[in-house]
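Some notes on the structure that comes next.
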Amino acid sequence: MPEQPIFYPVLTEEYATKIARDWNTKDERSGFVGYVLRFRVRTEFLDQYDVHIVGSSGHREYWIPVGSLQELNANIAGNIEIVSEFHGVVK
């Protein structure tokens, strides 16, 4: 989202599914669609960042400044895989 200065990749498929299914499908800014993506990032890059727990212990995520997204993208190892897709009802 343009108003968010941080990119929040999450660490578990369960948490990603909750966001995609329960939040994004109800959000007009998300187009009422949520995706769960899987990708690997080189450890050397991620070691620069702490894992943050937000809410419950299962809600773990990195906080990567938008200014570092090019570097993040350069450190993706392999393909980005679409794991699941969720659609809400457009009103």
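Residue numbers start at 1 in each chain; chains themselves are named A, B, ... in the order of the structure tokens; ligands are numbered from 1 in the order shown.
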
Give the helix (DSSP H, G or I) residues of chain A, as assigned by DSSP on the backbone, as an mmCIF file with N, CA, C and O atoms, in the first residue's frame.
```cif
data_model
loop_
_atom_site.group_PDB
_atom_site.id
_atom_site.type_symbol
_atom_site.label_atom_id
_atom_site.label_comp_id
_atom_site.auth_asym_id
_atom_site.auth_seq_id
_atom_site.Cartn_x
_atom_site.Cartn_y
_atom_site.Cartn_z
ATOM 1 N N GLU A 13 2.571 -19.758 6.825
ATOM 2 C CA GLU A 13 1.453 -19.821 5.881
ATOM 3 C C GLU A 13 0.131 -19.587 6.598
ATOM 4 O O GLU A 13 -0.783 -18.959 6.040
ATOM 5 N N GLU A 14 0.016 -20.054 7.821
ATOM 6 C CA GLU A 14 -1.220 -19.874 8.585
ATOM 7 C C GLU A 14 -1.530 -18.388 8.784
ATOM 8 O O GLU A 14 -2.665 -17.942 8.585
ATOM 9 N N TYR A 15 -0.532 -17.612 9.183
ATOM 10 C CA TYR A 15 -0.719 -16.174 9.398
ATOM 11 C C TYR A 15 -1.003 -15.476 8.066
ATOM 12 O O TYR A 15 -1.894 -14.628 7.974
ATOM 13 N N ALA A 16 -0.285 -15.847 7.014
ATOM 14 C CA ALA A 16 -0.516 -15.258 5.688
ATOM 15 C C ALA A 16 -1.935 -15.556 5.208
ATOM 16 O O ALA A 16 -2.600 -14.688 4.627
ATOM 17 N N THR A 17 -2.414 -16.757 5.464
ATOM 18 C CA THR A 17 -3.768 -17.129 5.061
ATOM 19 C C THR A 17 -4.800 -16.299 5.814
ATOM 20 O O THR A 17 -5.779 -15.833 5.226
ATOM 21 N N LYS A 18 -4.567 -16.095 7.095
ATOM 22 C CA LYS A 18 -5.489 -15.278 7.898
ATOM 23 C C LYS A 18 -5.591 -13.869 7.320
ATOM 24 O O LYS A 18 -6.693 -13.335 7.161
ATOM 25 N N ILE A 19 -4.460 -13.278 6.990
ATOM 26 C CA ILE A 19 -4.457 -11.926 6.425
ATOM 27 C C ILE A 19 -5.179 -11.917 5.079
ATOM 28 O O ILE A 19 -6.060 -11.080 4.836
ATOM 29 N N ALA A 20 -4.808 -12.838 4.202
ATOM 30 C CA ALA A 20 -5.377 -12.862 2.854
ATOM 31 C C ALA A 20 -6.873 -13.153 2.866
ATOM 32 O O ALA A 20 -7.654 -12.494 2.172
ATOM 33 N N ARG A 21 -7.285 -14.124 3.647
ATOM 34 C CA ARG A 21 -8.675 -14.577 3.655
ATOM 35 C C ARG A 21 -9.578 -13.675 4.504
ATOM 36 O O ARG A 21 -10.680 -13.307 4.097
ATOM 37 N N ASP A 22 -9.106 -13.319 5.696
ATOM 38 C CA ASP A 22 -9.970 -12.640 6.657
ATOM 39 C C ASP A 22 -9.908 -11.115 6.579
ATOM 40 O O ASP A 22 -10.842 -10.445 7.008
ATOM 41 N N TRP A 23 -8.819 -10.571 6.060
ATOM 42 C CA TRP A 23 -8.669 -9.115 6.037
ATOM 43 C C TRP A 23 -8.733 -8.562 4.609
ATOM 44 O O TRP A 23 -9.523 -7.675 4.327
ATOM 45 N N ASN A 24 -7.880 -9.081 3.731
ATOM 46 C CA ASN A 24 -7.788 -8.514 2.384
ATOM 47 C C ASN A 24 -9.092 -8.646 1.599
ATOM 48 O O ASN A 24 -9.430 -7.772 0.808
ATOM 49 N N THR A 25 -9.813 -9.728 1.807
ATOM 50 C CA THR A 25 -11.051 -9.931 1.060
ATOM 51 C C THR A 25 -12.166 -8.983 1.490
ATOM 52 O O THR A 25 -13.190 -8.887 0.816
ATOM 53 N N LYS A 26 -11.951 -8.275 2.584
ATOM 54 C CA LYS A 26 -12.932 -7.304 3.072
ATOM 55 C C LYS A 26 -12.476 -5.864 2.843
ATOM 56 O O LYS A 26 -13.159 -4.929 3.240
ATOM 57 N N GLU A 28 -11.480 -2.831 0.378
ATOM 58 C CA GLU A 28 -11.624 -2.281 -0.978
ATOM 59 C C GLU A 28 -10.268 -1.948 -1.592
ATOM 60 O O GLU A 28 -10.043 -2.165 -2.779
ATOM 61 N N ARG A 29 -9.332 -1.436 -0.778
ATOM 62 C CA ARG A 29 -8.002 -1.081 -1.297
ATOM 63 C C ARG A 29 -7.250 -2.306 -1.804
ATOM 64 O O ARG A 29 -6.372 -2.184 -2.646
ATOM 65 N N SER A 30 -7.588 -3.476 -1.298
ATOM 66 C CA SER A 30 -6.972 -4.722 -1.762
ATOM 67 C C SER A 30 -7.744 -5.323 -2.938
ATOM 68 O O SER A 30 -7.416 -6.419 -3.388
ATOM 69 N N THR A 43 19.460 -15.561 3.679
ATOM 70 C CA THR A 43 19.671 -15.302 5.106
ATOM 71 C C THR A 43 20.509 -14.048 5.323
ATOM 72 O O THR A 43 20.244 -13.278 6.248
ATOM 73 N N GLU A 44 21.514 -13.839 4.498
ATOM 74 C CA GLU A 44 22.397 -12.673 4.659
ATOM 75 C C GLU A 44 21.603 -11.367 4.627
ATOM 76 O O GLU A 44 21.948 -10.418 5.323
ATOM 77 N N PHE A 45 20.563 -11.323 3.820
ATOM 78 C CA PHE A 45 19.718 -10.122 3.774
ATOM 79 C C PHE A 45 18.829 -10.047 5.013
ATOM 80 O O PHE A 45 18.751 -9.012 5.678
ATOM 81 N N LEU A 46 18.148 -11.136 5.335
ATOM 82 C CA LEU A 46 17.203 -11.121 6.458
ATOM 83 C C LEU A 46 17.885 -10.919 7.805
ATOM 84 O O LEU A 46 17.251 -10.420 8.747
ATOM 85 N N VAL A 66 10.316 0.271 2.941
ATOM 86 C CA VAL A 66 10.032 0.298 1.506
ATOM 87 C C VAL A 66 11.297 0.657 0.714
ATOM 88 O O VAL A 66 11.507 0.137 -0.383
ATOM 89 N N GLY A 67 12.151 1.485 1.270
ATOM 90 C CA GLY A 67 13.394 1.858 0.597
ATOM 91 C C GLY A 67 14.338 0.682 0.378
ATOM 92 O O GLY A 67 15.282 0.782 -0.406
ATOM 93 N N SER A 68 14.108 -0.435 1.045
ATOM 94 C CA SER A 68 14.953 -1.629 0.905
ATOM 95 C C SER A 68 14.324 -2.704 0.021
ATOM 96 O O SER A 68 14.870 -3.803 -0.088
ATOM 97 N N LEU A 69 13.178 -2.410 -0.615
ATOM 98 C CA LEU A 69 12.494 -3.437 -1.398
ATOM 99 C C LEU A 69 13.298 -3.897 -2.613
ATOM 100 O O LEU A 69 13.256 -5.072 -2.970
ATOM 101 N N GLN A 70 14.037 -2.994 -3.251
ATOM 102 C CA GLN A 70 14.868 -3.422 -4.377
ATOM 103 C C GLN A 70 15.912 -4.432 -3.917
ATOM 104 O O GLN A 70 16.152 -5.438 -4.576
ATOM 105 N N GLU A 71 16.516 -4.154 -2.787
ATOM 106 C CA GLU A 71 17.506 -5.088 -2.237
ATOM 107 C C GLU A 71 16.848 -6.406 -1.826
ATOM 108 O O GLU A 71 17.397 -7.479 -2.045
ATOM 109 N N LEU A 72 15.650 -6.329 -1.238
ATOM 110 C CA LEU A 72 14.910 -7.545 -0.909
ATOM 111 C C LEU A 72 14.669 -8.357 -2.178
ATOM 112 O O LEU A 72 14.946 -9.561 -2.216
ATOM 113 N N ASN A 73 14.155 -7.721 -3.211
ATOM 114 C CA ASN A 73 13.878 -8.425 -4.457
ATOM 115 C C ASN A 73 15.130 -9.079 -5.037
ATOM 116 O O ASN A 73 15.062 -10.193 -5.559
ATOM 117 N N ALA A 74 16.261 -8.413 -4.919
ATOM 118 C CA ALA A 74 17.522 -8.971 -5.427
ATOM 119 C C ALA A 74 17.976 -10.178 -4.612
ATOM 120 O O ALA A 74 18.799 -10.968 -5.081
#
```

*asked:* According to DSSP computed on the backbone, where in segment 21-84 of chain A is there strand (DSSP E or B)? Give the residues as a list in words.
replied: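 Filtering segment 21-84 of chain A down to strand (DSSP E or B) leaves Val33, Gly34, Tyr35, Val36, Leu37, Arg38, Phe39, Arg40, Val41, Val51, His52, Ile53, Arg60, Glu61, Tyr62, Ile64, Pro65, Ile76, Ala77, Gly78, Asn79, Ile80, Glu81, Ile82, Val83 and Ser84 of chain A.
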